[in-house]
Every structure is written in structure tokens, then in C-alpha cells.
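Source file: coords02.cif (mmCIF, C-alpha atoms)
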data_upload
#
loop_
_atom_site.group_PDB
_atom_site.id
_atom_site.type_symbol
_atom_site.label_atom_id
_atom_site.label_comp_id
_atom_site.auth_asym_id
_atom_site.auth_seq_id
_atom_site.Cartn_x
_atom_site.Cartn_y
_atom_site.Cartn_z
ATOM 1 C CA MET A 121 66.181 92.912 160.418
ATOM 2 C CA VAL A 122 67.308 93.174 156.811
ATOM 3 C CA LYS A 123 65.318 90.778 154.674
ATOM 4 C CA LEU A 124 67.172 88.442 152.327
ATOM 5 C CA LYS A 125 64.679 89.381 149.601
ATOM 6 C CA ASP A 126 65.771 93.029 149.843
ATOM 7 C CA ILE A 127 69.462 92.083 149.586
ATOM 8 C CA VAL A 128 68.732 89.962 146.492
ATOM 9 C CA GLU A 129 66.853 92.827 144.858
ATOM 10 C CA ASP A 130 69.676 95.253 145.666
ATOM 11 C CA LEU A 131 72.312 92.868 144.289
ATOM 12 C CA GLU A 132 70.278 92.395 141.100
ATOM 13 C CA LEU A 133 70.220 96.177 140.720
ATOM 14 C CA GLY A 134 73.978 96.308 141.254
ATOM 15 C CA LYS A 135 73.842 97.950 144.680
ATOM 16 C CA VAL A 136 76.978 97.508 146.754
ATOM 17 C CA TYR A 137 76.465 97.606 150.510
ATOM 18 C CA THR A 138 78.690 99.616 152.792
ATOM 19 C CA ASP A 139 78.418 99.718 156.574
ATOM 20 C CA LYS A 140 76.795 103.163 156.553
ATOM 21 C CA ASP A 141 74.127 101.932 154.065
ATOM 22 C CA ARG A 142 72.864 99.244 156.392
ATOM 23 C CA PRO A 143 69.693 100.098 158.264
ATOM 24 C CA PRO A 144 69.877 99.831 162.037
ATOM 25 C CA PHE A 145 68.540 96.566 163.387
ATOM 26 C CA GLN A 146 69.023 94.465 166.479
ATOM 27 C CA VAL A 147 70.978 91.222 166.315
ATOM 28 C CA LYS A 148 71.876 89.359 169.470
ATOM 29 C CA GLU A 149 75.078 87.360 169.990
ATOM 30 C CA GLY A 150 73.200 84.061 169.694
ATOM 31 C CA GLN A 151 71.885 85.173 166.320
ATOM 32 C CA LYS A 152 75.390 86.174 165.213
ATOM 33 C CA ARG A 153 76.689 82.746 166.217
ATOM 34 C CA GLN A 154 73.855 81.032 164.319
ATOM 35 C CA SER A 155 74.617 83.197 161.298
ATOM 36 C CA ARG A 156 78.264 82.083 161.400
ATOM 37 C CA GLU A 157 77.182 78.432 161.674
ATOM 38 C CA ILE A 158 74.778 78.786 158.746
ATOM 39 C CA THR A 159 77.442 80.473 156.650
ATOM 40 C CA ALA A 160 80.023 77.807 157.547
ATOM 41 C CA LYS A 161 77.581 75.077 156.493
ATOM 42 C CA PHE A 162 76.889 76.899 153.212
ATOM 43 C CA ASP A 163 80.628 77.409 152.580
ATOM 44 C CA LYS A 164 81.305 73.703 153.112
ATOM 45 C CA ALA A 165 78.500 72.713 150.731
ATOM 46 C CA TYR A 166 79.616 75.330 148.186
ATOM 47 C CA LEU A 167 83.235 74.118 148.239
ATOM 48 C CA ASN A 168 82.186 70.468 147.912
ATOM 49 C CA PHE A 169 79.874 71.289 145.021
ATOM 50 C CA ALA A 170 82.519 73.441 143.304
ATOM 51 C CA LYS A 171 85.011 70.566 143.541
ATOM 52 C CA GLU A 172 82.514 68.126 142.065
ATOM 53 C CA VAL A 173 81.639 70.507 139.212
ATOM 54 C CA ARG A 174 85.343 70.918 138.371
ATOM 55 C CA ASP A 175 85.730 67.118 138.382
ATOM 56 C CA VAL A 176 82.713 66.710 136.084
ATOM 57 C CA ILE A 177 84.061 69.368 133.709
ATOM 58 C CA LYS A 178 87.434 67.557 133.550
ATOM 59 C CA MET A 179 85.679 64.262 132.867
ATOM 60 C CA ILE A 180 83.621 65.807 130.063
ATOM 61 C CA ASP A 181 86.719 67.433 128.559
ATOM 62 C CA ARG A 182 88.588 64.081 128.578
ATOM 63 C CA TYR A 183 85.577 62.179 127.275
ATOM 64 C CA GLN A 184 85.039 64.517 124.346
ATOM 65 C CA GLY A 185 88.663 65.483 123.757
ATOM 66 C CA ASP A 186 87.426 69.071 123.524
ATOM 67 C CA LYS A 187 86.939 71.783 126.129
ATOM 68 C CA THR A 188 83.922 73.530 124.575
ATOM 69 C CA ASP A 189 81.203 71.867 126.643
ATOM 70 C CA GLY A 190 83.278 72.143 129.811
ATOM 71 C CA LYS A 191 83.607 75.887 129.263
ATOM 72 C CA ILE A 192 79.848 76.207 128.782
ATOM 73 C CA ILE A 193 79.163 74.312 132.001
ATOM 74 C CA ASP A 194 81.722 76.431 133.869
ATOM 75 C CA LYS A 195 80.136 79.646 132.567
ATOM 76 C CA VAL A 196 76.625 78.602 133.634
ATOM 77 C CA TYR A 197 77.961 77.419 137.002
ATOM 78 C CA SER A 198 79.688 80.767 137.551
ATOM 79 C CA LYS A 199 76.591 82.722 136.531
ATOM 80 C CA GLY A 200 74.419 80.877 139.022
ATOM 81 C CA LEU A 201 76.517 79.968 142.025
ATOM 82 C CA VAL A 202 78.987 82.834 142.270
ATOM 83 C CA PRO A 203 76.138 85.353 142.837
ATOM 84 C CA LEU A 204 74.633 82.986 145.406
ATOM 85 C CA ASP A 205 77.961 82.904 147.245
ATOM 86 C CA LYS A 206 78.110 86.722 147.182
ATOM 87 C CA LEU A 207 74.552 86.855 148.501
ATOM 88 C CA MET A 208 75.392 84.561 151.416
ATOM 89 C CA LYS A 209 78.511 86.594 152.260
ATOM 90 C CA SER A 210 76.473 89.813 152.168
ATOM 91 C CA TRP A 211 73.770 88.287 154.354
ATOM 92 C CA ASN A 212 76.289 87.066 156.918
ATOM 93 C CA SER A 213 78.096 90.403 156.889
ATOM 94 C CA GLY A 214 74.810 92.139 157.644
ATOM 95 C CA GLN A 215 74.231 89.779 160.540
ATOM 96 C CA GLN A 216 77.718 90.290 161.993
ATOM 97 C CA LYS A 217 78.053 94.067 161.638
ATOM 98 C CA ASN A 218 75.560 95.928 163.752
ATOM 99 C CA PRO A 219 76.465 99.084 165.654
ATOM 100 C CA HIS A 220 73.349 98.809 167.831
ATOM 101 C CA ILE A 221 74.016 95.308 169.088
ATOM 102 C CA ASP A 222 73.443 94.334 172.683
ATOM 103 C CA GLU A 223 76.757 92.587 173.475
ATOM 104 C CA GLY A 224 75.528 91.554 176.927
ATOM 105 C CA SER A 225 72.789 89.266 175.651
ATOM 106 C CA ASN A 226 73.287 85.650 174.607
ATOM 107 C CA ASP A 227 69.820 85.124 173.126
#

Please rewrite the model in this file as C-alpha cells.
Amino acid sequence: MVKLKDIVEDLELGKVYTDKDRPPFQVKEGQKRQSREITAKFDKAYLNFAKEVRDVIKMIDRYQGDKTDGKIIDKVYSKGLVPLDKLMKSWNSGQQKNPHIDEGSND
């Protein structure tokens, strides 16, 4: 199975995964379903957090009457969470795409 640590290292080095780059590994249908559930939970949390950050930025902008601090917060947010979102999408994609999968198993 592809380790999350390896994906993180590859993303830090700027590697872009394609289907032919992925090493062969076995993932069963139950694991694919769990991967989708994990990703859905992450997406929900990510969207909720993104909404709250936007609300906080708007509040800061109104409070100060200036958008400088809001832009700084948005930049730091983007630098930290956008790569995390890409990492989760890459991880889930690796779990879902597997040419050697045993479709008959529900483990």
C-alpha cells in the first residue's frame, strides 16, 4: 500500500502522480468504501473550516477598516490547508484507482 508519508514527500518535491506512476498494491472494496468515507468526512470538515476562516477574515477587515491583516491570514491559510486538501485528494485517488483490485471481495 502506498504510504501517506511517501505521498507527502513526493508532493513536497513537486512530484505529480499519474496512474502509471502508482505502484501496484491491493485494495479491497471495503477499503475503497472506507477511503471514500474518510475523504467525505475530511471534505466536510475542510469546507466548514474554510467558511469559518472566511467569516473571521471578513470580521477582521470590518473591525480594522483595512484588508491587510485579512489578506495575511488568507495567505497563511492557503499555504497550509490547500496543500493538505491536495494531499487528501491524492491519497483517496490512490485508494480508488488500482488495476490489481479484487472486485469480488468485500473485505

Identify which of the residues A:Asp163, A:Lys187, A:Ala170, A:Asp130 lies closest to Gly200 in chain A, counting all atoms listed in the file when measuring atom-to-atom distances.
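Checking each of A:Asp163, A:Lys187, A:Ala170, A:Asp130 against Gly200 in chain A, counting all atoms listed in the file, the winner is A:Ala170.
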
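Here CA of Lys161 in chain A stands at a distance of 23.0 Å from CA of Asp194 in chain A.
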
Quick one: pull the distance between CA of Met179 in chain A and CA of Ile193 in chain A, Å, one decimal.
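Those two atoms sit 12.0 Å apart.
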
I need the residue nearest Trp211 in chain A from this list: A:Gly150, A:Thr159, A:Gly190, A:Lys178. Use all atoms listed in the file for the distance.
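Looking at the shortest contact to Trp211 in chain A, the residue is A:Thr159.
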
One number please: CA of Thr188 in chain A to CA of Val176 in chain A, in Å, one decimal.
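Separating CA of Thr188 in chain A from CA of Val176 in chain A is a distance of 13.4 Å.
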
Using all atoms listed in the file, determine which residues lie at most 12 Å from Leu204 in chain A, disregarding the query and same-chain residues fewer than 3 positions distant; provide the list as number ranges by chain.
A: 124, 127-128, 131-132, 159, 162-163, 166, 197-201, 207-211

Build an axis-aligned box that encloses every atom of range 180-190 of chain A listed in the file, pad it by 6 Å on each side, and report its centre and edge lengths in Å to one decimal, as lines of an AutoDock Vina configuration file.
center_x = 84.9
center_y = 67.9
center_z = 126.8
size_x = 19.5
size_y = 23.4
size_z = 18.5

Looking at A:Ile177, A:Gly214, A:Glu157, A:Glu172, which one is nearest to Asp189 in chain A, with distances taken over only C-alpha atoms?
A:Ile177

Using all atoms listed in the file, can you tell me which of A:Asp175, A:Gly185, A:Gln215, A:Phe169 comes closest to Val202 in chain A?
A:Phe169

Can you give me N, CA and C atoms for range 186-197 of chain A, written as a short mmCIF file (atom, residue, chain, number, x, y, z; two decimals), in the coordinates of the input?
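Dumped to part_22.cif:
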data_model
loop_
_atom_site.label_atom_id
_atom_site.label_comp_id
_atom_site.auth_asym_id
_atom_site.auth_seq_id
_atom_site.Cartn_x
_atom_site.Cartn_y
_atom_site.Cartn_z
N ASP A 186 87.69 67.68 123.91
CA ASP A 186 87.43 69.07 123.52
C ASP A 186 86.93 69.80 124.77
N LYS A 187 87.30 71.06 124.91
CA LYS A 187 86.94 71.78 126.13
C LYS A 187 85.71 72.68 125.97
N THR A 188 85.05 72.64 124.84
CA THR A 188 83.92 73.53 124.58
C THR A 188 82.78 73.33 125.58
N ASP A 189 82.32 72.12 125.73
CA ASP A 189 81.20 71.87 126.64
C ASP A 189 81.58 72.17 128.09
N GLY A 190 82.81 71.84 128.46
CA GLY A 190 83.28 72.14 129.81
C GLY A 190 83.25 73.63 130.09
N LYS A 191 83.63 74.42 129.10
CA LYS A 191 83.61 75.89 129.26
C LYS A 191 82.18 76.40 129.41
N ILE A 192 81.26 75.81 128.68
CA ILE A 192 79.85 76.21 128.78
C ILE A 192 79.32 75.89 130.18
N ILE A 193 79.61 74.70 130.66
CA ILE A 193 79.16 74.31 132.00
C ILE A 193 79.77 75.24 133.05
N ASP A 194 81.05 75.54 132.92
CA ASP A 194 81.72 76.43 133.87
C ASP A 194 81.10 77.83 133.86
N LYS A 195 80.75 78.31 132.67
CA LYS A 195 80.14 79.65 132.57
C LYS A 195 78.77 79.67 133.26
N VAL A 196 77.95 78.66 133.01
CA VAL A 196 76.62 78.60 133.63
C VAL A 196 76.76 78.44 135.15
N TYR A 197 77.70 77.60 135.57
CA TYR A 197 77.96 77.42 137.00
C TYR A 197 78.33 78.75 137.64
#
